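To start, the structure itself, in structure tokens.
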Amino acid sequence: MNRLIALIVAPWLLAGVAWASEPPVYTGLLSNTGAGGYDTVSYFERGEPAKGSSQYTTEYQGATWRFTNAENLAQFKANPDRFVPAYGGYCAWAVSQGYLAKGDPKHWSIREGRLFLNYNQSVQESWLENTDELITQADANWPAVLK
């Protein structure tokens with residue numbers, strides 16, 4: 001009888017281990033859209049966020065990415081790692097502290113060619129006070145912090 005219970009329970013325990021890991025791209029609970037649906041190329045090209053369109057989309061790292069136009073979509077497809085936010089769009093400051101929080105596409109910065117998102121304005125201000133050291137810490141924590 002104990003063996004039968006173990007055979008029934010073991011798959012559920014193993015499935016729980018799989019559920020414990022977070023996806024590499026933050027999309028929120030009810031969405032599969034990276035960067036909150038913002039066009040990540042626009043941060044680099046326009047110097048500001050722009051809401052993407054469902055007309056221009058692609059899939060990458062398990063998330064849907066939206067863009068404002070066909071040109072930005074083509075740029076992303078040619079080099080997605082250049083445009084995906086650092087740490088999959090999770091809050092960069094939180095990753096530097098060893099945990100995950102949502103990244104808000106309205107609170108962003110670009111440093112050394114990388115796009116970083118932060119949880120809110122207050123967290124972004126903390127991020128900007130010591131960005132280089134926090135990037136070093138976040139890089140050391142990524143991607144292990146997903147587990």
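Numbering starts fresh at 1 for the residues of each chain in the structure tokens, the chains themselves are lettered A, B, ... in the order given, and ligands are numbered from 1 as they appear.
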For A:Glu59, list every protein, DNA or RNA residue within 12 Å, evaluated using only C-alpha atoms, and leave out those in the same chain fewer than 2 positions away; present the list as a ChimeraX atom specification.
/A:25,32-34,54,56-57,61-67,73,76-77,80,84
I want to know what sits within 9 Å of A:Asn69, based on only C-alpha atoms, with residues of the same chain fewer than 5 positions away left out; could you give that as an mmCIF file with all heavy atoms, in the first residue's frame?
```cif
data_model
loop_
_atom_site.group_PDB
_atom_site.id
_atom_site.type_symbol
_atom_site.label_atom_id
_atom_site.label_comp_id
_atom_site.auth_asym_id
_atom_site.auth_seq_id
_atom_site.Cartn_x
_atom_site.Cartn_y
_atom_site.Cartn_z
ATOM 1 N N ASP A 39 7.254 48.002 -27.332
ATOM 2 C CA ASP A 39 8.219 47.731 -28.389
ATOM 3 C C ASP A 39 9.615 47.980 -27.827
ATOM 4 O O ASP A 39 10.005 49.123 -27.602
ATOM 5 C CB ASP A 39 7.920 48.673 -29.561
ATOM 6 C CG ASP A 39 8.892 48.562 -30.717
ATOM 7 O OD1 ASP A 39 9.974 47.957 -30.556
ATOM 8 O OD2 ASP A 39 8.559 49.112 -31.777
ATOM 9 N N GLY A 52 3.595 48.477 -28.362
ATOM 10 C CA GLY A 52 3.621 47.684 -29.583
ATOM 11 C C GLY A 52 2.218 47.364 -30.056
ATOM 12 O O GLY A 52 1.241 47.575 -29.342
ATOM 13 N N SER A 53 2.133 46.848 -31.260
ATOM 14 C CA SER A 53 0.856 46.508 -31.885
ATOM 15 C C SER A 53 0.750 44.995 -32.048
ATOM 16 O O SER A 53 1.745 44.333 -32.336
ATOM 17 C CB SER A 53 0.785 47.175 -33.259
ATOM 18 O OG SER A 53 -0.257 46.634 -34.039
ATOM 19 N N GLN A 55 -0.374 43.689 -34.476
ATOM 20 C CA GLN A 55 -0.142 43.467 -35.898
ATOM 21 C C GLN A 55 1.310 43.051 -36.182
ATOM 22 O O GLN A 55 1.583 42.378 -37.168
ATOM 23 C CB GLN A 55 -0.470 44.745 -36.669
ATOM 24 C CG GLN A 55 -0.362 44.607 -38.167
ATOM 25 C CD GLN A 55 -0.770 45.884 -38.888
ATOM 26 O OE1 GLN A 55 -1.218 46.848 -38.280
ATOM 27 N NE2 GLN A 55 -0.613 45.889 -40.194
ATOM 28 N N TYR A 56 2.236 43.470 -35.306
ATOM 29 C CA TYR A 56 3.662 43.187 -35.500
ATOM 30 C C TYR A 56 4.180 42.427 -34.286
ATOM 31 O O TYR A 56 4.554 43.037 -33.282
ATOM 32 C CB TYR A 56 4.453 44.484 -35.678
ATOM 33 C CG TYR A 56 3.925 45.356 -36.784
ATOM 34 C CD1 TYR A 56 3.207 46.510 -36.493
ATOM 35 C CD2 TYR A 56 4.135 45.022 -38.121
ATOM 36 C CE1 TYR A 56 2.721 47.311 -37.503
ATOM 37 C CE2 TYR A 56 3.656 45.818 -39.139
ATOM 38 C CZ TYR A 56 2.945 46.968 -38.823
ATOM 39 O OH TYR A 56 2.459 47.756 -39.832
ATOM 40 N N ALA A 74 11.564 43.577 -37.623
ATOM 41 C CA ALA A 74 12.683 42.993 -38.365
ATOM 42 C C ALA A 74 13.992 43.146 -37.592
ATOM 43 O O ALA A 74 14.805 42.211 -37.550
ATOM 44 C CB ALA A 74 12.791 43.641 -39.742
#
```
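Each of A:Pro49, A:Thr131, A:Lys147, A:Asp81 was checked against A:Glu22 using only C-alpha atoms; the smallest atom-to-atom distance is that of A:Lys147.
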Would you kindly return, as a PDB file with all heavy atoms, in the first residue's frame, each protein, DNA or RNA residue with an atom no farther than 10 Å from any atom of A:Arg111, considering only C-alpha atoms and excluding same-chain residues fewer than 5 positions away?
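Wrote selection-v1.pdb, looks like this:
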```pdb
ATOM      1  N   PHE A 116      17.258  47.932 -19.151  1.00  0.00           N
ATOM      2  CA  PHE A 116      16.912  47.473 -17.808  1.00  0.00           C
ATOM      3  C   PHE A 116      15.550  48.035 -17.421  1.00  0.00           C
ATOM      4  O   PHE A 116      15.289  49.221 -17.624  1.00  0.00           O
ATOM      5  CB  PHE A 116      17.953  47.954 -16.789  1.00  0.00           C
ATOM      6  CG  PHE A 116      19.330  47.433 -17.044  1.00  0.00           C
ATOM      7  CD1 PHE A 116      20.249  48.173 -17.779  1.00  0.00           C
ATOM      8  CD2 PHE A 116      19.723  46.188 -16.570  1.00  0.00           C
ATOM      9  CE1 PHE A 116      21.524  47.694 -18.028  1.00  0.00           C
ATOM     10  CE2 PHE A 116      20.994  45.692 -16.816  1.00  0.00           C
ATOM     11  CZ  PHE A 116      21.899  46.453 -17.546  1.00  0.00           C
ATOM     12  N   THR A 131      24.239  52.050 -10.375  1.00  0.00           N
ATOM     13  CA  THR A 131      23.926  51.104 -11.444  1.00  0.00           C
ATOM     14  C   THR A 131      25.032  50.093 -11.716  1.00  0.00           C
ATOM     15  O   THR A 131      24.758  48.895 -11.820  1.00  0.00           O
ATOM     16  CB  THR A 131      23.578  51.865 -12.748  1.00  0.00           C
ATOM     17  OG1 THR A 131      22.542  52.804 -12.461  1.00  0.00           O
ATOM     18  CG2 THR A 131      23.109  50.916 -13.824  1.00  0.00           C
ATOM     19  N   ASP A 132      26.265  50.539 -11.824  1.00  0.00           N
ATOM     20  CA  ASP A 132      27.345  49.614 -12.198  1.00  0.00           C
ATOM     21  C   ASP A 132      27.499  48.481 -11.190  1.00  0.00           C
ATOM     22  O   ASP A 132      27.613  47.314 -11.579  1.00  0.00           O
ATOM     23  CB  ASP A 132      28.674  50.364 -12.355  1.00  0.00           C
ATOM     24  CG  ASP A 132      28.677  51.278 -13.576  1.00  0.00           C
ATOM     25  OD1 ASP A 132      27.913  51.014 -14.529  1.00  0.00           O
ATOM     26  OD2 ASP A 132      29.426  52.271 -13.566  1.00  0.00           O
ATOM     27  N   ILE A 135      24.445  46.151 -11.453  1.00  0.00           N
ATOM     28  CA  ILE A 135      24.508  45.288 -12.636  1.00  0.00           C
ATOM     29  C   ILE A 135      25.422  44.096 -12.359  1.00  0.00           C
ATOM     30  O   ILE A 135      25.083  42.957 -12.691  1.00  0.00           O
ATOM     31  CB  ILE A 135      24.975  46.070 -13.882  1.00  0.00           C
ATOM     32  CG1 ILE A 135      23.885  47.030 -14.346  1.00  0.00           C
ATOM     33  CG2 ILE A 135      25.363  45.114 -15.014  1.00  0.00           C
ATOM     34  CD1 ILE A 135      24.313  47.979 -15.457  1.00  0.00           C
TER      35      ILE A 135
END
```
List as a PyMOL selection string the protein and nucleic acid residues near stretch 87-92 of chain A, meaning an atom at most 9 Å away when only C-alpha atoms are counted, but skip any in the same chain fewer than 6 places from it.
chain A and resi 23-27+34-36+61+100-105+115-120+123-124+127+134-135+138-139+142-143
Take the residues from that selection and write them out as a short mmCIF file (atom, residue, chain, number, x, y, z; two decimals), in the first residue's frame, keeping N, CA, C and O atoms.
```
data_model
loop_
_atom_site.label_atom_id
_atom_site.label_comp_id
_atom_site.auth_asym_id
_atom_site.auth_seq_id
_atom_site.Cartn_x
_atom_site.Cartn_y
_atom_site.Cartn_z
N PRO A 23 9.63 31.48 -15.42
CA PRO A 23 10.02 31.57 -16.83
C PRO A 23 11.14 32.61 -17.01
O PRO A 23 11.26 33.54 -16.22
N PRO A 24 11.93 32.47 -18.07
CA PRO A 24 13.05 33.38 -18.28
C PRO A 24 12.63 34.80 -18.67
O PRO A 24 13.44 35.73 -18.60
N VAL A 25 11.36 34.97 -19.07
CA VAL A 25 10.86 36.29 -19.44
C VAL A 25 9.65 36.61 -18.58
O VAL A 25 8.72 35.80 -18.48
N TYR A 26 9.65 37.80 -17.96
CA TYR A 26 8.50 38.21 -17.16
C TYR A 26 7.37 38.63 -18.09
O TYR A 26 7.55 39.48 -18.97
N THR A 27 6.19 38.03 -17.89
CA THR A 27 5.03 38.37 -18.71
C THR A 27 3.79 38.70 -17.88
O THR A 27 2.77 39.06 -18.43
N GLY A 34 5.96 39.89 -23.56
CA GLY A 34 7.16 40.44 -22.95
C GLY A 34 7.12 41.95 -22.90
O GLY A 34 6.48 42.60 -23.74
N ALA A 35 7.78 42.53 -21.90
CA ALA A 35 7.89 43.98 -21.72
C ALA A 35 6.53 44.68 -21.70
O ALA A 35 6.39 45.82 -22.14
N GLY A 36 5.54 44.00 -21.19
CA GLY A 36 4.21 44.60 -21.06
C GLY A 36 3.59 45.02 -22.38
O GLY A 36 2.70 45.87 -22.40
N GLN A 61 11.88 33.22 -26.61
CA GLN A 61 12.06 32.78 -25.23
C GLN A 61 10.73 32.53 -24.52
O GLN A 61 10.56 32.84 -23.35
N LEU A 100 13.04 38.00 -7.48
CA LEU A 100 12.33 38.46 -8.67
C LEU A 100 11.17 39.37 -8.32
O LEU A 100 10.48 39.16 -7.32
N ALA A 101 10.97 40.37 -9.15
CA ALA A 101 9.80 41.25 -9.08
C ALA A 101 9.51 41.68 -10.51
O ALA A 101 10.38 41.61 -11.39
N LYS A 102 8.30 42.11 -10.75
CA LYS A 102 7.95 42.53 -12.11
C LYS A 102 8.76 43.75 -12.52
O LYS A 102 9.09 44.61 -11.70
N GLY A 103 9.08 43.80 -13.78
CA GLY A 103 9.69 44.99 -14.34
C GLY A 103 8.61 45.81 -15.01
O GLY A 103 7.77 45.26 -15.72
N ASP A 104 8.60 47.10 -14.78
CA ASP A 104 7.61 47.99 -15.38
C ASP A 104 8.25 48.68 -16.58
O ASP A 104 9.25 49.39 -16.41
N PRO A 105 7.71 48.51 -17.78
CA PRO A 105 8.34 49.09 -18.96
C PRO A 105 8.35 50.62 -18.97
O PRO A 105 9.03 51.23 -19.79
N LEU A 115 19.00 47.14 -22.03
CA LEU A 115 17.77 47.73 -21.51
C LEU A 115 17.45 47.10 -20.17
O LEU A 115 17.37 45.88 -20.05
N PHE A 116 17.26 47.93 -19.15
CA PHE A 116 16.91 47.47 -17.81
C PHE A 116 15.55 48.04 -17.42
O PHE A 116 15.29 49.22 -17.62
N LEU A 117 14.70 47.19 -16.85
CA LEU A 117 13.40 47.62 -16.33
C LEU A 117 13.44 47.53 -14.81
O LEU A 117 14.11 46.68 -14.24
N ASN A 118 12.69 48.43 -14.18
CA ASN A 118 12.59 48.43 -12.72
C ASN A 118 11.14 48.39 -12.29
O ASN A 118 10.23 48.71 -13.07
N TYR A 119 10.91 48.04 -11.06
CA TYR A 119 9.58 47.83 -10.51
C TYR A 119 8.72 49.10 -10.51
O TYR A 119 7.55 49.09 -10.86
N ASN A 120 9.30 50.21 -10.06
CA ASN A 120 8.58 51.49 -10.02
C ASN A 120 9.60 52.63 -9.99
O ASN A 120 10.81 52.40 -10.03
N VAL A 123 12.18 52.49 -6.98
CA VAL A 123 13.19 51.46 -7.18
C VAL A 123 14.16 51.88 -8.28
O VAL A 123 15.37 51.69 -8.16
N GLN A 124 13.64 52.51 -9.33
CA GLN A 124 14.51 52.97 -10.40
C GLN A 124 15.50 54.02 -9.89
O GLN A 124 16.67 54.01 -10.28
N TRP A 127 18.18 52.19 -8.28
CA TRP A 127 18.97 51.54 -9.33
C TRP A 127 19.96 52.54 -9.94
O TRP A 127 21.13 52.24 -10.13
N LEU A 134 25.22 47.41 -9.07
CA LEU A 134 24.00 46.60 -9.08
C LEU A 134 23.94 45.69 -10.31
O LEU A 134 23.46 44.56 -10.22
N ILE A 135 24.44 46.15 -11.45
CA ILE A 135 24.51 45.29 -12.64
C ILE A 135 25.42 44.10 -12.36
O ILE A 135 25.08 42.96 -12.69
N ALA A 138 23.48 41.76 -10.14
CA ALA A 138 22.39 41.13 -10.87
C ALA A 138 22.92 40.09 -11.86
O ALA A 138 22.36 38.99 -11.97
N ASP A 139 24.00 40.43 -12.57
CA ASP A 139 24.58 39.47 -13.51
C ASP A 139 25.03 38.19 -12.77
O ASP A 139 24.88 37.09 -13.29
N TRP A 142 21.85 36.11 -11.99
CA TRP A 142 21.06 35.66 -13.14
C TRP A 142 21.76 34.51 -13.83
O TRP A 142 22.96 34.58 -14.07
N PRO A 143 21.10 33.44 -14.21
CA PRO A 143 19.68 33.14 -14.11
C PRO A 143 19.31 32.29 -12.90
O PRO A 143 18.17 31.84 -12.77
#
```
Return as a PyMOL selection string the full set of residues in chain A whose backbone-based DSSP assignment is alpha helix (DSSP H).
chain A and resi 2-20+40-45+70-78+80-83+92-96+121-129+131-141
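Here atom CA of A:Arg114 is placed at a distance of 9.3 Å from atom CA of A:Phe44.
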Where in chain A does DSSP assign strand (DSSP E or B), given as a ChimeraX atom specification?
/A:33,38,51,53-60,63-67,90,102,104-111,114-118
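Candidate residues A:Asn141, A:Asn72, A:Ser42, A:Ser109 were compared for distance to A:Ala94, and the nearest is A:Asn141, using only C-alpha atoms.
Going from atom CA of A:Thr136 over to atom CA of A:Ser96, you cover 7.8 Å.
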